[in-house]
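S.K.: Can you read through this structure? Questions will come right after.
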Amino acid sequence: MHAVRVDGIEVAYDRVGQGPPLVLAHGATTDARLFRPQLEDLADEFTVVAWDEPGAGRSSDVPSSFALADYARCLAAVVEDVDLGPAHVLGLSWGGTVVLELYRRHPGLVRTLLLVDTYAGWKGSLPAAEVRARVEGAERMLAVPPGEFAPTVPALFAAAPPADAVRLLSVMSAATRPGSLRTELAVMAEADLSDLLPGITVPTLLLWGELDRRSPVDPVARAFLAAIPEATLVVLPGAGHLSNIEAPEAFNRTVREFCRARS
């Protein structure tokens, strides 16, 4: 494990392989372990870095005042700590929103963007009624007594998930900290980065599960495609929101080819 300290918060990350840096940012109720299929497969060609965002995994808790800019500052510190220059930066789901904020505030650290089944913030990508429904669901989930807290995110897979994926998600979910999750979800609900998209000047891969119900290809991915000047959309057939787990071979091949051509 590697770690960097930012304003008193320790941010842990895994680092494997050699080559151009590829930094991976996970979604809510997960941690760096979500990217095991990528760490194992892509390290032959890239320095693959998967962080535990502040408040998750081995990283420190976050205060209730933590903002999207704070997550981005911590991710910037990881890229700088790797010390291999601008990175290919991939964000999945909520992680993609963090990655977009990283690009807004630290564009010099980003060689390319890889946005996976993500959002320009919930407010930036979803109808207001859907945002309200998600916020209400999150409030119910967080209101249970501590001993009963068991966070779940619906509609992550297009079909019955692999048994090993279920076990991994259960382990990560059980380690989720209510306070940090509450802060993260509040930030996500209010985030709107749609104004940033037309100004993105680095090559951008939009990688989506065909059957993603959390962040549907139409309209979410297609809105990204229409807004970002140098964006390419690749849709993985039969995959849902966690396309890196549900279709790892196609996912890894697409990431490898995109980054190889731009390294």
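By order in the structure tokens, chains are A, B, ...; within a chain, residues start at 1; ligands start at 1, following the order shown.
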Among segment 95-240 of chain A, which residues carry a DSSP assignment of alpha helix (DSSP H), reported as a ChimeraX atom specification?

M.R.: /A:95-105,122-125,128-142,163-174,178-190,222-227

S.K.: Which residues of segment 52-168 of chain A come within 12 Å of segment 227-230 of chain A, and for each one, what is the closest pair of atoms and their distance in Å to one decimal, counting only C-alpha atoms, sorted by chain and residue number, as CSV?

M.R.:
residue,atom,partner,partner_atom,distance
A:Leu100,CA,A:Ile228,CA,11.7
A:Thr112,CA,A:Glu230,CA,10.2
A:Leu113,CA,A:Glu230,CA,10.2
A:Leu114,CA,A:Glu230,CA,11.7
A:Leu115,CA,A:Ile228,CA,11.3
A:Ala120,CA,A:Ala227,CA,11.2

S.K.: As a list in words, please: the residues near segment 211-225 of chain A (cut-off 6 Å, only C-alpha atoms, same-chain neighbours under 5 positions excluded).

M.R.: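 Counting only C-alpha atoms, the residues come to Asp117, Ala158, Ala231, Ala239, Gly240 and His241 of chain A.
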
S.K.: Write out, as a CSV table (one decimal), in the first residue's frame, the residues just selected, with C-alpha atoms.

M.R.:
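That gives us out.csv:
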chain,number,residue,atom,x,y,z
A,117,ASP,CA,-20.9,4.8,-16.4
A,158,ALA,CA,-27.5,-6.0,-16.1
A,231,ALA,CA,-14.9,12.3,-27.0
A,239,ALA,CA,-23.1,-4.9,-19.4
A,240,GLY,CA,-24.6,-2.8,-16.6
A,241,HIS,CA,-23.3,0.0,-14.3

S.K.: Go through A:Tyr13, A:Tyr103, A:Phe35, A:Trp94 and flag the residue nearest Arg73 of chain A, using only C-alpha atoms for the distances.

M.R.: A:Tyr103

S.K.: Write out as a list in words which residues come within 10 Å of Ala67 of chain A when counting only C-alpha atoms, dropping same-chain ones fewer than 4 positions away.

M.R.: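 Counting only C-alpha atoms, the residues come to Val62, Pro63, Tyr71, Ala72, Arg73, Thr183, Glu184, Ala186, Val187, Met188 and Ala191 of chain A.
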
S.K.: In terms of the shortest atom-to-atom distance over only C-alpha atoms, which of A:Leu34, A:Ala138, A:Val4, A:Val235 is closest to Met172 of chain A?

M.R.: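 Distance minimum relative to Met172 of chain A lands on A:Leu34.
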
S.K.: Select, from A:Asn244, A:Ser180, A:Ser93, A:Thr201, the residue with the minimum atom-to-atom distance to Phe66 of chain A, counting only C-alpha atoms.

M.R.: A:Ser180

S.K.: So which bits of segment 24-248 of chain A end up strand (DSSP E or B) when you DSSP the backbone, as a tab-separated table (two decimals) with all heavy atoms, in the first residue's frame?

M.R.:
chain	number	residue	atom	x	y	z
A	24	LEU	N	-7.17	5.12	-11.33
A	24	LEU	CA	-8.54	4.63	-11.31
A	24	LEU	C	-9.28	5.14	-10.07
A	24	LEU	O	-8.79	4.97	-8.94
A	24	LEU	CB	-8.55	3.10	-11.30
A	24	LEU	CG	-7.66	2.40	-12.34
A	24	LEU	CD1	-7.68	0.89	-12.12
A	24	LEU	CD2	-8.11	2.74	-13.75
A	25	ALA	N	-10.44	5.73	-10.28
A	25	ALA	CA	-11.25	6.27	-9.18
A	25	ALA	C	-12.58	5.53	-9.13
A	25	ALA	O	-13.35	5.55	-10.10
A	25	ALA	CB	-11.48	7.77	-9.37
A	47	THR	N	1.54	1.73	-15.38
A	47	THR	CA	1.58	1.85	-13.92
A	47	THR	C	0.15	2.11	-13.48
A	47	THR	O	-0.38	3.22	-13.65
A	47	THR	CB	2.50	2.99	-13.49
A	47	THR	OG1	3.82	2.76	-13.99
A	47	THR	CG2	2.53	3.12	-11.97
A	48	VAL	N	-0.50	1.09	-12.95
A	48	VAL	CA	-1.92	1.18	-12.62
A	48	VAL	C	-2.07	1.56	-11.15
A	48	VAL	O	-1.52	0.89	-10.26
A	48	VAL	CB	-2.65	-0.14	-12.91
A	48	VAL	CG1	-4.15	0.03	-12.72
A	48	VAL	CG2	-2.36	-0.62	-14.34
A	49	VAL	N	-2.81	2.61	-10.90
A	49	VAL	CA	-2.99	3.17	-9.56
A	49	VAL	C	-4.48	3.20	-9.25
A	49	VAL	O	-5.26	3.77	-10.01
A	49	VAL	CB	-2.40	4.59	-9.48
A	49	VAL	CG1	-2.71	5.23	-8.12
A	49	VAL	CG2	-0.91	4.57	-9.76
A	50	ALA	N	-4.88	2.57	-8.16
A	50	ALA	CA	-6.28	2.58	-7.72
A	50	ALA	C	-6.33	3.13	-6.30
A	50	ALA	O	-5.74	2.53	-5.40
A	50	ALA	CB	-6.87	1.18	-7.78
A	51	TRP	N	-7.01	4.25	-6.13
A	51	TRP	CA	-7.04	4.86	-4.80
A	51	TRP	C	-8.23	4.36	-3.98
A	51	TRP	O	-9.22	3.86	-4.53
A	51	TRP	CB	-7.04	6.38	-4.89
A	51	TRP	CG	-8.36	7.08	-5.15
A	51	TRP	CD1	-9.47	6.58	-5.79
A	51	TRP	CD2	-8.66	8.43	-4.80
A	51	TRP	NE1	-10.44	7.55	-5.85
A	51	TRP	CE2	-9.98	8.70	-5.25
A	51	TRP	CE3	-7.96	9.44	-4.14
A	51	TRP	CZ2	-10.61	9.93	-5.07
A	51	TRP	CZ3	-8.57	10.67	-3.96
A	51	TRP	CH2	-9.87	10.90	-4.42
A	87	ALA	N	-1.39	11.80	-16.20
A	87	ALA	CA	-1.88	10.42	-16.17
A	87	ALA	C	-3.13	10.26	-17.02
A	87	ALA	O	-3.89	11.22	-17.25
A	87	ALA	CB	-2.20	10.01	-14.73
A	88	HIS	N	-3.33	9.05	-17.50
A	88	HIS	CA	-4.65	8.64	-17.95
A	88	HIS	C	-5.49	8.48	-16.68
A	88	HIS	O	-5.12	7.71	-15.79
A	88	HIS	CB	-4.58	7.31	-18.69
A	88	HIS	CG	-3.62	7.31	-19.85
A	88	HIS	ND1	-3.85	7.99	-21.01
A	88	HIS	CD2	-2.42	6.68	-20.01
A	88	HIS	CE1	-2.84	7.80	-21.86
A	88	HIS	NE2	-1.97	7.01	-21.27
A	89	VAL	N	-6.60	9.18	-16.58
A	89	VAL	CA	-7.39	9.18	-15.34
A	89	VAL	C	-8.79	8.66	-15.64
A	89	VAL	O	-9.51	9.24	-16.45
A	89	VAL	CB	-7.45	10.57	-14.70
A	89	VAL	CG1	-8.11	10.48	-13.33
A	89	VAL	CG2	-6.05	11.17	-14.56
A	90	LEU	N	-9.14	7.57	-14.97
A	90	LEU	CA	-10.42	6.89	-15.19
A	90	LEU	C	-11.28	7.02	-13.94
A	90	LEU	O	-10.82	6.74	-12.83
A	90	LEU	CB	-10.16	5.42	-15.52
A	90	LEU	CG	-11.35	4.51	-15.82
A	90	LEU	CD1	-10.91	3.35	-16.72
A	90	LEU	CD2	-12.00	3.94	-14.57
A	91	GLY	N	-12.53	7.41	-14.15
A	91	GLY	CA	-13.47	7.49	-13.04
A	91	GLY	C	-14.74	6.74	-13.38
A	91	GLY	O	-15.32	6.93	-14.44
A	92	LEU	N	-15.16	5.87	-12.46
A	92	LEU	CA	-16.36	5.07	-12.64
A	92	LEU	C	-17.45	5.58	-11.71
A	92	LEU	O	-17.21	5.76	-10.51
A	92	LEU	CB	-16.05	3.60	-12.36
A	92	LEU	CG	-17.13	2.57	-12.68
A	92	LEU	CD1	-16.50	1.21	-12.97
A	92	LEU	CD2	-18.14	2.41	-11.54
A	110	VAL	N	-3.62	15.69	-16.16
A	110	VAL	CA	-4.47	14.75	-16.88
A	110	VAL	C	-4.02	14.65	-18.34
A	110	VAL	O	-4.08	15.62	-19.09
A	110	VAL	CB	-5.95	15.20	-16.83
A	110	VAL	CG1	-6.83	14.22	-17.58
A	110	VAL	CG2	-6.41	15.31	-15.36
A	111	ARG	N	-3.58	13.45	-18.74
A	111	ARG	CA	-3.24	13.20	-20.14
A	111	ARG	C	-4.50	12.89	-20.95
A	111	ARG	O	-4.70	13.41	-22.04
A	111	ARG	CB	-2.25	12.03	-20.24
A	111	ARG	CG	-1.82	11.71	-21.67
A	111	ARG	CD	-0.91	10.49	-21.70
A	111	ARG	NE	0.32	10.72	-20.97
A	111	ARG	CZ	1.40	11.30	-21.49
A	111	ARG	NH1	1.38	11.72	-22.75
A	111	ARG	NH2	2.49	11.45	-20.77
A	112	THR	N	-5.31	11.99	-20.42
A	112	THR	CA	-6.60	11.67	-21.03
A	112	THR	C	-7.61	11.44	-19.92
A	112	THR	O	-7.26	11.17	-18.77
A	112	THR	CB	-6.55	10.40	-21.91
A	112	THR	OG1	-6.33	9.25	-21.08
A	112	THR	CG2	-5.45	10.49	-22.97
A	113	LEU	N	-8.89	11.54	-20.29
A	113	LEU	CA	-9.99	11.22	-19.39
A	113	LEU	C	-10.69	9.96	-19.87
A	113	LEU	O	-10.93	9.80	-21.07
A	113	LEU	CB	-11.01	12.36	-19.36
A	113	LEU	CG	-10.62	13.65	-18.63
A	113	LEU	CD1	-11.64	14.74	-18.93
A	113	LEU	CD2	-10.50	13.42	-17.13
A	114	LEU	N	-11.00	9.08	-18.94
A	114	LEU	CA	-11.80	7.89	-19.22
A	114	LEU	C	-12.98	7.92	-18.27
A	114	LEU	O	-12.83	7.70	-17.06
A	114	LEU	CB	-10.99	6.60	-19.05
A	114	LEU	CG	-9.77	6.45	-19.98
A	114	LEU	CD1	-8.50	7.04	-19.34
A	114	LEU	CD2	-9.52	4.99	-20.31
A	115	LEU	N	-14.15	8.24	-18.79
A	115	LEU	CA	-15.36	8.41	-17.99
A	115	LEU	C	-16.24	7.19	-18.18
A	115	LEU	O	-16.68	6.91	-19.30
A	115	LEU	CB	-16.07	9.69	-18.40
A	115	LEU	CG	-15.22	10.97	-18.35
A	115	LEU	CD1	-16.00	12.16	-18.88
A	115	LEU	CD2	-14.73	11.23	-16.94
A	116	VAL	N	-16.49	6.48	-17.09
A	116	VAL	CA	-17.12	5.16	-17.16
A	116	VAL	C	-18.44	5.16	-16.40
A	116	VAL	O	-18.46	5.38	-15.17
A	116	VAL	CB	-16.18	4.08	-16.58
A	116	VAL	CG1	-16.84	2.70	-16.68
A	116	VAL	CG2	-14.84	4.09	-17.29
A	204	THR	N	-10.92	11.98	-24.71
A	204	THR	CA	-11.83	11.47	-23.68
A	204	THR	C	-12.54	10.23	-24.18
A	204	THR	O	-13.15	10.25	-25.25
A	204	THR	CB	-12.87	12.55	-23.30
A	204	THR	OG1	-12.19	13.71	-22.82
A	204	THR	CG2	-13.80	12.03	-22.22
A	205	LEU	N	-12.42	9.16	-23.41
A	205	LEU	CA	-13.15	7.92	-23.69
A	205	LEU	C	-14.38	7.87	-22.79
A	205	LEU	O	-14.27	7.99	-21.57
A	205	LEU	CB	-12.26	6.70	-23.43
A	205	LEU	CG	-12.96	5.33	-23.54
A	205	LEU	CD1	-13.41	5.07	-24.97
A	205	LEU	CD2	-12.04	4.22	-23.03
A	206	LEU	N	-15.54	7.66	-23.40
A	206	LEU	CA	-16.77	7.39	-22.67
A	206	LEU	C	-17.03	5.91	-22.79
A	206	LEU	O	-17.29	5.40	-23.89
A	206	LEU	CB	-17.92	8.19	-23.27
A	206	LEU	CG	-17.68	9.70	-23.44
A	206	LEU	CD1	-18.83	10.34	-24.21
A	206	LEU	CD2	-17.48	10.37	-22.09
A	207	LEU	N	-16.94	5.19	-21.69
A	207	LEU	CA	-17.05	3.73	-21.70
A	207	LEU	C	-18.27	3.34	-20.88
A	207	LEU	O	-18.30	3.58	-19.67
A	207	LEU	CB	-15.78	3.11	-21.14
A	207	LEU	CG	-15.65	1.59	-21.19
A	207	LEU	CD1	-15.89	1.05	-22.59
A	207	LEU	CD2	-14.28	1.16	-20.68
A	208	TRP	N	-19.26	2.75	-21.53
A	208	TRP	CA	-20.55	2.56	-20.88
A	208	TRP	C	-21.06	1.13	-21.06
A	208	TRP	O	-20.86	0.52	-22.11
A	208	TRP	CB	-21.59	3.49	-21.51
A	208	TRP	CG	-22.16	4.49	-20.58
A	208	TRP	CD1	-23.37	4.43	-19.93
A	208	TRP	CD2	-21.57	5.74	-20.18
A	208	TRP	NE1	-23.56	5.55	-19.15
A	208	TRP	CE2	-22.47	6.37	-19.28
A	208	TRP	CE3	-20.35	6.37	-20.47
A	208	TRP	CZ2	-22.19	7.61	-18.70
A	208	TRP	CZ3	-20.08	7.59	-19.89
A	208	TRP	CH2	-20.99	8.19	-19.01
A	209	GLY	N	-21.72	0.62	-20.03
A	209	GLY	CA	-22.46	-0.62	-20.16
A	209	GLY	C	-23.75	-0.37	-20.92
A	209	GLY	O	-24.49	0.57	-20.61
A	231	ALA	N	-14.44	13.50	-27.65
A	231	ALA	CA	-14.94	12.32	-26.96
A	231	ALA	C	-15.25	11.20	-27.94
A	231	ALA	O	-15.70	11.43	-29.06
A	231	ALA	CB	-16.18	12.66	-26.15
A	232	THR	N	-15.00	9.98	-27.47
A	232	THR	CA	-15.35	8.76	-28.20
A	232	THR	C	-16.19	7.91	-27.26
A	232	THR	O	-15.81	7.69	-26.10
A	232	THR	CB	-14.09	7.97	-28.60
A	232	THR	OG1	-13.27	8.79	-29.44
A	232	THR	CG2	-14.46	6.70	-29.35
A	233	LEU	N	-17.32	7.41	-27.74
A	233	LEU	CA	-18.19	6.56	-26.94
A	233	LEU	C	-18.05	5.11	-27.36
A	233	LEU	O	-18.19	4.79	-28.55
A	233	LEU	CB	-19.65	7.00	-27.09
A	233	LEU	CG	-20.72	6.12	-26.44
A	233	LEU	CD1	-20.54	6.05	-24.93
A	233	LEU	CD2	-22.13	6.62	-26.80
A	234	VAL	N	-17.78	4.25	-26.40
A	234	VAL	CA	-17.75	2.80	-26.62
A	234	VAL	C	-18.76	2.18	-25.67
A	234	VAL	O	-18.71	2.41	-24.45
A	234	VAL	CB	-16.35	2.20	-26.36
A	234	VAL	CG1	-16.39	0.69	-26.48
A	234	VAL	CG2	-15.34	2.80	-27.33
A	235	VAL	N	-19.70	1.42	-26.21
A	235	VAL	CA	-20.75	0.78	-25.42
A	235	VAL	C	-20.47	-0.72	-25.35
A	235	VAL	O	-20.29	-1.37	-26.39
A	235	VAL	CB	-22.14	1.05	-26.03
A	235	VAL	CG1	-23.22	0.32	-25.24
A	235	VAL	CG2	-22.42	2.54	-26.07
A	236	LEU	N	-20.43	-1.26	-24.15
A	236	LEU	CA	-20.14	-2.68	-23.94
A	236	LEU	C	-21.44	-3.47	-23.91
A	236	LEU	O	-22.26	-3.29	-23.00
A	236	LEU	CB	-19.37	-2.87	-22.63
A	236	LEU	CG	-18.02	-2.14	-22.55
A	236	LEU	CD1	-17.38	-2.39	-21.19
A	236	LEU	CD2	-17.09	-2.57	-23.67

S.K.: Which one is closest to Pro127 of chain A: A:Ala76, A:Ala226, A:Leu22, A:Ala189? Count only C-alpha atoms.

M.R.: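 When distances to Pro127 of chain A are compared using only C-alpha atoms, the smallest one comes from A:Ala189.
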
S.K.: Quick one: residues within 6 Å of Lys123 of chain A, only C-alpha atoms counted, chain neighbours fewer than 2 positions away excluded, as a JSON list (two decimals) with C-alpha atoms, in the first residue's frame?

M.R.:
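Wrote around_32.json, looks like this:
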[["chain", "number", "residue", "atom", "x", "y", "z"],
["A", 121, "GLY", "CA", -22.91, 15.10, -10.93],
["A", 125, "SER", "CA", -26.95, 14.46, -15.56],
["A", 126, "LEU", "CA", -30.27, 13.34, -14.09],
["A", 189, "ALA", "CA", -26.56, 15.17, -5.37],
["A", 190, "GLU", "CA", -25.65, 18.84, -5.70],
["A", 191, "ALA", "CA", -22.86, 18.51, -8.25],
["A", 192, "ASP", "CA", -23.39, 19.90, -11.75]]

S.K.: Which is closest to Cys74 of chain A among A:Glu53, A:Glu246, A:Glu139, A:Asp41, if we use only C-alpha atoms?

M.R.: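 Closest candidate: A:Glu53.
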
S.K.: Distance atom CA of Asp83 of chain A-atom CA of His106 of chain A, one decimal place?

M.R.: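 Atom CA of His106 of chain A lies at a distance of 14.6 Å from atom CA of Asp83 of chain A.
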